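As provided, data-v9.cif (mmCIF, C-alpha atoms and all ligand atoms) reads as follows.
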data_upload
loop_
_atom_site.label_atom_id
_atom_site.label_comp_id
_atom_site.auth_asym_id
_atom_site.auth_seq_id
_atom_site.Cartn_x
_atom_site.Cartn_y
_atom_site.Cartn_z
CA MET U 493 6.88 16.96 -32.85
CA GLY U 494 9.46 16.21 -30.14
CA GLY U 495 12.37 13.81 -30.22
CA VAL U 496 13.93 11.38 -27.75
CA VAL U 497 17.40 11.69 -26.21
CA VAL U 498 18.58 8.57 -24.40
CA VAL U 499 21.32 9.00 -21.81
CA GLY U 500 22.31 5.47 -20.94
CA SER U 501 24.20 2.25 -21.22
CA ALA U 502 25.33 0.21 -24.19
CA ASN U 503 26.48 -3.36 -23.56
CA LEU U 504 27.54 -6.31 -25.61
CA ASP U 505 25.22 -9.09 -24.43
CA HIS U 506 26.68 -12.56 -23.93
CA ARG U 507 23.55 -14.66 -24.20
CA LEU U 508 23.56 -18.14 -22.73
CA THR U 509 20.50 -20.36 -23.10
CA MET U 510 19.81 -23.25 -20.74
CA PRO U 511 16.84 -25.40 -19.68
CA GLU U 512 16.80 -23.99 -16.13
CA LEU U 513 18.59 -20.97 -14.62
CA PRO U 514 21.32 -22.07 -12.16
CA GLY U 515 20.73 -22.01 -8.41
CA VAL U 516 23.32 -20.80 -5.90
CA GLY U 517 26.49 -22.92 -6.13
CA GLN U 518 25.18 -24.81 -9.16
CA THR U 519 26.97 -25.28 -12.51
CA VAL U 520 24.83 -25.80 -15.61
CA LEU U 521 25.70 -26.41 -19.28
CA SER U 522 24.45 -23.89 -21.82
CA THR U 523 22.69 -25.16 -24.93
CA ASP U 524 23.59 -22.06 -26.96
CA TYR U 525 25.90 -19.05 -26.67
CA ALA U 526 25.58 -15.90 -28.79
CA LEU U 527 26.76 -12.28 -28.76
CA ALA U 528 24.35 -9.46 -29.55
CA PRO U 529 24.21 -5.68 -29.04
CA GLY U 530 22.19 -4.62 -25.99
CA GLY U 531 22.26 -2.49 -22.85
CA LYS U 532 19.15 -0.81 -21.51
CA GLY U 533 20.05 2.58 -22.96
CA ALA U 534 20.97 1.31 -26.42
CA ASN U 535 17.93 -0.99 -26.53
CA GLN U 536 15.61 1.89 -25.68
CA ALA U 537 17.28 4.21 -28.21
CA VAL U 538 16.91 1.61 -30.97
CA ALA U 539 13.28 1.00 -30.00
CA ALA U 540 12.49 4.73 -30.09
CA ALA U 541 14.18 5.09 -33.49
CA ARG U 542 12.44 2.00 -34.91
CA ALA U 543 9.17 3.47 -33.61
CA GLY U 544 9.87 6.47 -35.83
CA ALA U 545 11.14 9.06 -33.34
CA ARG U 546 14.05 11.40 -33.97
CA THR U 547 16.44 9.75 -31.50
CA ARG U 548 19.86 10.68 -30.15
CA MET U 549 21.99 8.56 -27.82
CA VAL U 550 24.45 9.87 -25.24
CA ALA U 551 26.74 6.96 -24.33
CA ALA U 552 30.34 5.83 -23.87
CA LEU U 553 31.82 2.81 -25.63
CA GLY U 554 35.24 1.18 -25.41
CA GLU U 555 37.77 1.25 -28.22
CA ASP U 556 37.10 -2.40 -29.02
CA THR U 557 35.14 -4.64 -31.37
CA ALA U 558 32.18 -4.68 -28.97
CA GLY U 559 32.04 -0.88 -29.19
CA GLN U 560 32.19 -0.97 -32.99
CA ARG U 561 29.38 -3.51 -33.05
CA LEU U 562 27.17 -1.34 -30.83
CA LEU U 563 27.89 1.80 -32.82
CA ALA U 564 26.93 0.00 -36.03
CA ALA U 565 23.71 -1.32 -34.47
CA LEU U 566 22.70 2.16 -33.30
CA ARG U 567 23.48 3.76 -36.66
CA GLU U 568 21.72 1.04 -38.69
CA SER U 569 18.57 1.76 -36.69
CA GLY U 570 18.77 5.49 -37.41
CA VAL U 571 19.95 6.63 -33.97
CA ASP U 572 21.99 9.85 -34.00
CA THR U 573 25.36 8.80 -32.52
CA ALA U 574 27.11 12.19 -32.58
CA SER U 575 27.10 12.10 -28.74
CA VAL U 576 28.45 8.56 -28.41
CA ARG U 577 32.02 8.82 -27.15
CA VAL U 578 34.93 6.40 -27.12
CA SER U 579 36.39 5.80 -23.65
CA PRO U 580 39.62 4.11 -22.50
CA LYS U 581 37.54 1.55 -20.53
CA PRO U 582 36.15 -1.55 -22.27
CA THR U 583 32.61 -1.51 -23.63
CA GLY U 584 29.99 -2.59 -21.10
CA ALA U 585 29.25 -6.31 -21.07
CA ALA U 586 26.12 -8.13 -19.94
CA PHE U 587 25.89 -11.83 -19.14
CA VAL U 588 22.34 -12.85 -19.95
CA MET U 589 21.13 -16.31 -18.95
CA VAL U 590 17.86 -17.35 -20.60
CA ASP U 591 15.82 -20.43 -19.64
CA GLN U 592 13.43 -22.51 -21.76
CA ARG U 593 10.49 -20.28 -20.84
CA GLY U 594 12.36 -17.22 -22.11
CA GLU U 595 12.88 -15.81 -18.59
CA ASN U 596 16.31 -14.37 -17.77
CA GLN U 597 18.86 -13.36 -15.17
CA ILE U 598 21.38 -10.63 -16.07
CA VAL U 599 24.69 -9.46 -14.63
CA VAL U 600 26.21 -6.28 -16.08
CA ALA U 601 29.88 -5.23 -16.05
CA PRO U 602 29.47 -1.44 -16.64
CA GLY U 603 32.95 -0.70 -18.10
CA ALA U 604 32.78 2.42 -20.28
CA ASN U 605 29.19 3.15 -19.20
CA PHE U 606 30.52 4.50 -15.89
CA GLU U 607 32.85 6.89 -17.76
CA LEU U 608 29.97 9.05 -18.97
CA GLY U 609 30.30 12.53 -17.47
CA ALA U 610 29.10 16.12 -17.41
CA ALA U 611 30.85 17.08 -20.66
CA ASP U 612 28.98 14.29 -22.47
CA LEU U 613 25.69 15.67 -21.17
CA ASP U 614 26.53 19.24 -22.18
CA ARG U 615 27.14 18.10 -25.75
CA GLY U 616 24.33 15.56 -25.93
CA LEU U 617 21.59 17.76 -24.48
CA ALA U 618 22.67 21.01 -26.17
CA GLU U 619 19.79 20.99 -28.69
CA LEU U 620 17.10 19.78 -26.29
CA GLY U 621 13.82 21.71 -26.30
CA PRO U 622 10.17 21.63 -25.20
CA GLY U 623 8.37 18.57 -26.55
CA ASP U 624 11.48 16.37 -26.31
CA PHE U 625 11.81 13.47 -23.90
CA VAL U 626 15.02 12.57 -22.07
CA LEU U 627 14.99 8.84 -21.45
CA LEU U 628 17.07 7.47 -18.55
CA GLN U 629 17.80 4.14 -16.84
CA LEU U 630 20.08 3.28 -13.92
CA GLU U 631 23.05 1.63 -15.63
CA VAL U 632 25.06 4.91 -15.71
CA PRO U 633 26.37 6.99 -12.75
CA GLY U 634 23.75 8.52 -10.43
CA PRO U 635 25.11 12.11 -10.51
CA LEU U 636 24.83 12.01 -14.31
CA ILE U 637 21.17 11.04 -14.10
CA GLU U 638 20.52 13.86 -11.65
CA ALA U 639 22.24 16.36 -13.95
CA ALA U 640 20.34 15.06 -17.00
CA ILE U 641 17.00 15.55 -15.21
CA PHE U 642 17.97 19.07 -14.13
CA THR U 643 19.08 20.05 -17.66
CA ALA U 644 16.02 18.48 -19.30
CA HIS U 645 13.64 20.48 -17.12
CA ARG U 646 15.63 23.68 -17.50
CA ARG U 647 15.18 23.35 -21.27
CA GLY U 648 11.48 22.53 -21.04
CA ALA U 649 11.83 18.84 -21.94
CA ARG U 650 10.17 15.95 -20.09
CA VAL U 651 11.92 13.08 -18.33
CA MET U 652 11.06 9.40 -18.54
CA LEU U 653 12.96 7.31 -15.99
CA ASN U 654 13.04 3.54 -16.33
CA VAL U 655 13.83 2.60 -12.72
CA SER U 656 15.95 -0.40 -13.66
CA PRO U 657 17.93 -1.77 -12.02
CA VAL U 658 16.37 -0.46 -8.78
CA LEU U 659 19.18 1.15 -6.78
CA GLU U 660 18.99 3.17 -3.56
CA GLN U 661 20.24 6.25 -5.44
CA ALA U 662 16.99 6.20 -7.47
CA ARG U 663 15.11 7.53 -4.44
CA SER U 664 16.12 11.13 -5.19
CA PHE U 665 15.14 10.92 -8.89
CA LEU U 666 11.64 9.50 -8.49
CA ALA U 667 9.60 12.61 -7.71
CA VAL U 668 11.47 14.78 -10.23
CA SER U 669 10.79 12.48 -13.18
CA ASP U 670 7.66 13.10 -15.23
CA VAL U 671 7.09 9.45 -16.15
CA LEU U 672 8.41 6.39 -14.29
CA VAL U 673 8.54 3.02 -16.05
CA VAL U 674 8.88 -0.15 -13.95
CA ASN U 675 7.95 -3.80 -14.12
CA TYR U 676 5.83 -5.25 -11.33
CA GLY U 677 8.83 -6.43 -9.28
CA GLU U 678 10.43 -3.00 -9.60
CA LEU U 679 7.13 -1.32 -8.65
CA ILE U 680 7.13 -3.26 -5.39
CA GLU U 681 10.81 -2.44 -4.75
CA VAL U 682 10.27 1.28 -5.40
CA ALA U 683 7.14 1.46 -3.25
CA GLY U 684 8.96 -0.43 -0.48
CA MET U 685 11.90 1.97 -0.73
CA LEU U 686 9.49 4.85 -0.06
CA GLY U 687 8.00 3.06 2.95
CA MET U 688 4.63 2.51 1.24
CA SER U 689 2.46 -0.52 1.91
CA ILE U 690 3.13 -3.05 -0.88
CA ASP U 691 0.19 -5.30 -0.04
CA ALA U 692 -1.80 -4.29 -3.13
CA ASP U 693 -2.30 -5.28 -6.77
CA ALA U 694 -0.44 -3.49 -9.59
CA PRO U 695 -3.17 -0.92 -10.48
CA THR U 696 -3.66 0.06 -6.83
CA LEU U 697 0.05 0.27 -6.11
CA ALA U 698 0.85 2.21 -9.30
CA THR U 699 -1.97 4.67 -8.54
CA ALA U 700 -0.73 5.10 -4.96
CA LEU U 701 2.82 5.71 -6.20
CA ALA U 702 1.67 8.19 -8.88
CA THR U 703 -0.37 10.03 -6.23
CA ARG U 704 2.57 10.13 -3.85
CA LEU U 705 5.06 11.31 -6.49
CA GLN U 706 2.63 13.50 -8.50
CA ASN U 707 3.72 11.99 -11.81
CA VAL U 708 2.82 9.19 -14.24
CA VAL U 709 3.69 5.63 -13.20
CA VAL U 710 3.79 3.04 -15.97
CA CYS U 711 4.05 -0.63 -15.01
CA THR U 712 4.76 -3.47 -17.43
CA LEU U 713 3.13 -6.79 -16.56
CA GLY U 714 4.82 -9.23 -18.95
CA ALA U 715 2.22 -11.36 -20.74
CA GLY U 716 -0.45 -9.36 -18.86
CA GLY U 717 0.32 -6.15 -20.83
CA ALA U 718 0.89 -2.84 -19.06
CA LEU U 719 -0.83 -0.03 -17.22
CA ALA U 720 -0.30 3.69 -16.75
CA ALA U 721 -1.50 5.50 -13.64
CA THR U 722 -1.83 9.11 -12.64
CA ARG U 723 -3.52 10.36 -9.48
CA GLU U 724 -6.83 10.68 -11.38
CA GLN U 725 -6.68 8.15 -14.21
CA LEU U 726 -5.77 4.54 -14.92
CA PHE U 727 -5.10 3.14 -18.40
CA GLU U 728 -4.78 -0.61 -18.86
CA GLN U 729 -3.64 -2.43 -21.99
CA ILE U 730 -3.68 -6.21 -22.37
CA ALA U 731 -0.97 -7.88 -24.48
CA PRO U 732 -1.52 -10.07 -27.54
CA ALA U 733 -0.82 -13.76 -26.85
CA VAL U 734 2.59 -14.77 -28.23
CA ALA U 735 5.03 -17.67 -27.82
CA ALA U 736 7.96 -16.20 -25.86
CA VAL U 737 11.47 -17.42 -26.67
CA ASP U 738 13.46 -14.63 -24.95
CA THR U 739 12.14 -11.75 -22.82
CA THR U 740 15.49 -9.91 -22.79
CA GLY U 741 14.95 -6.29 -23.78
CA ALA U 742 11.13 -6.57 -23.82
CA GLY U 743 10.84 -3.82 -21.20
CA ASP U 744 13.30 -1.68 -23.17
CA THR U 745 11.30 -2.14 -26.37
CA PHE U 746 8.21 -1.06 -24.44
CA THR U 747 9.94 1.98 -22.92
CA GLY U 748 11.50 3.17 -26.19
CA TYR U 749 8.17 2.88 -28.01
CA LEU U 750 6.36 4.65 -25.17
CA ALA U 751 8.81 7.58 -25.22
CA ALA U 752 8.60 7.80 -29.01
CA GLY U 753 4.80 7.82 -28.89
CA LEU U 754 4.53 10.49 -26.20
CA ALA U 755 7.20 12.66 -27.83
CA GLY U 756 5.31 12.29 -31.11
CA GLY U 757 2.10 13.61 -29.58
CA GLN U 758 0.21 10.36 -29.00
CA SER U 759 -2.14 10.12 -26.02
CA VAL U 760 -1.06 7.93 -23.09
CA ALA U 761 -3.59 5.26 -24.18
CA GLU U 762 -2.32 5.25 -27.80
CA ALA U 763 1.35 5.14 -26.81
CA LEU U 764 0.67 2.39 -24.26
CA SER U 765 -1.14 0.26 -26.83
CA LEU U 766 1.67 0.46 -29.39
CA ALA U 767 4.37 -0.10 -26.75
CA VAL U 768 2.64 -3.27 -25.53
CA LYS U 769 2.30 -4.56 -29.09
CA ALA U 770 6.00 -3.91 -29.85
CA SER U 771 7.13 -5.47 -26.59
CA ALA U 772 5.03 -8.61 -27.21
CA GLN U 773 6.54 -8.98 -30.65
CA SER U 774 10.09 -8.58 -29.29
CA VAL U 775 9.85 -11.66 -27.07
CA THR U 776 9.24 -13.92 -30.07
CA LYS U 777 12.88 -13.51 -31.20
CA PRO U 778 16.16 -14.05 -29.36
CA GLY U 779 18.42 -11.21 -28.20
CA ALA U 780 17.76 -7.59 -27.25
CA ILE U 781 18.42 -5.21 -30.18
CA PRO U 782 17.98 -7.89 -32.89
CA ALA U 783 14.44 -8.58 -31.59
CA ILE U 784 13.13 -4.99 -31.51
CA PRO U 785 10.45 -4.57 -34.21
CA HIS U 786 10.14 -1.67 -36.65
CA LEU U 787 6.87 0.26 -36.57
CA ALA U 788 5.99 -1.09 -40.03
CA ASP U 789 6.18 -4.68 -38.68
CA LEU U 790 3.48 -4.11 -36.08
CA GLY U 791 0.59 -4.28 -38.53
O1 LIG U 801 17.11 -4.91 -20.32
C1 LIG U 801 17.91 -5.83 -20.98
C2 LIG U 801 19.34 -5.36 -20.98
O2 LIG U 801 19.80 -5.32 -19.64
C3 LIG U 801 20.30 -6.26 -21.71
O3 LIG U 801 20.40 -5.95 -23.09
C4 LIG U 801 21.58 -6.10 -20.92
O4 LIG U 801 22.61 -5.51 -21.64
C5 LIG U 801 21.21 -5.28 -19.67
O5 LIG U 801 21.56 -3.97 -19.78
#
Can the structure from this file be put into structure tokens for me?
Ligand code: RIB
Amino acid sequence: MGGVVVVGSANLDHRLTMPELPGVGQTVLSTDYALAPGGKGANQAVAAARAGARTRMVAALGEDTAGQRLLAALRESGVDTASVRVSPKPTGAAFVMVDQRGENQIVVAPGANFELGAADLDRGLAELGPGDFVLLQLEVPGPLIEAAIFTAHRRGARVMLNVSPVLEQARSFLAVSDVLVVNYGELIEVAGMLGMSIDADAPTLATALATRLQNVVVCTLGAGGALAATREQLFEQIAPAVAAVDTTGAGDTFTGYLAAGLAGGQSVAEALSLAVKASAQSVTKPGAIPAIPHLADLG
């Protein structure tokens, strides 16, 4: 059974709740302010570990209380932190605004996340082998992602790339990743970036993208569940109805569970089903890492 190695970001999330997200030039008063561990990489690592996968994280944290908090959160969830390094830069910070429907807007200050380098990869991917998944997002430097993909394939591992946030540099990683994970907005951005027609529904667009890139394209659809497309097949999974309080980290919960399932030998349909269930449960609680369910909680 394979494991999951996440090369990615770790942020301390500053979570501000408010009735409506602010418009341009507008000031609004927050009804609540809380700090919680997050960051797309750390969220996905915690999700994979809570899903039961052997999980390692390659990350950089500052020498500060935020860094200590993130390290503790990763370790408490069973993530191997031997490849988490302390950097002279402050720990990454994310400013997460959440409205009364649980929808959010996020701004990230990368800090130590942009200090991750080749030496971190060499250490973190040293034990990688066939059956393992390397899980990547775009909150760390582009050249590092490129090197991680190259090393993963050289060692016979597979690559899952969560194309989030969508950046121009992602263009060169798309076709060399085995599995892409996007939400519907990101799917449209990625297809547009490749000059494809975006006038199509999610299943059609995901299938067209998977055909173009010759890989698996997984698209999350919020309350609508998720789908996975290859050139020949389409899997669709509806989500259970839940009352959402905060969608922050829902996509990360999904992605971590999906990677854990595939690394553990589940079929695409099985892994998709569990990932949708975990993601739906995560939106019923506030915060990113604090809201990620354990496998035993999924019933
Ligand atoms: O995907 C949610 C995450 O995005 C937050 O935890 C925040 O830190 C940003 O990285």
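For the pair CA of Ala640 in chain U and CA of Leu628 in chain U, the separation is 8.4 Å.
Selection of all polymer residues within 6 Å of ligand LIG 801 (chain U) on the basis of all atoms listed in the file gives Asn503, Asp505, Gly530, Gly531, Lys532, Ala586, Thr740, Gly741, Asp744 and Ala780 of chain U.
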### Query
Got a sec: who's within 12 Å of range 767-770 of chain U, counting all atoms listed in the file, leaving out chain neighbours fewer than 6 positions off, as a ChimeraX atom specification?
/U:536,539-540,542-543,673,710-720,728-734,741-754,758,760-761,776-777,783-791
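Among the candidates U:Ser669, U:Ser501, U:Asn675, U:Thr557, the residue lying nearest to Leu527 in chain U is U:Thr557 (atoms considered: all atoms listed in the file).
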## Note on the structure
Computed gap from CA of Ala702 in chain U to CA of Ala667 in chain U is 9.2 Å
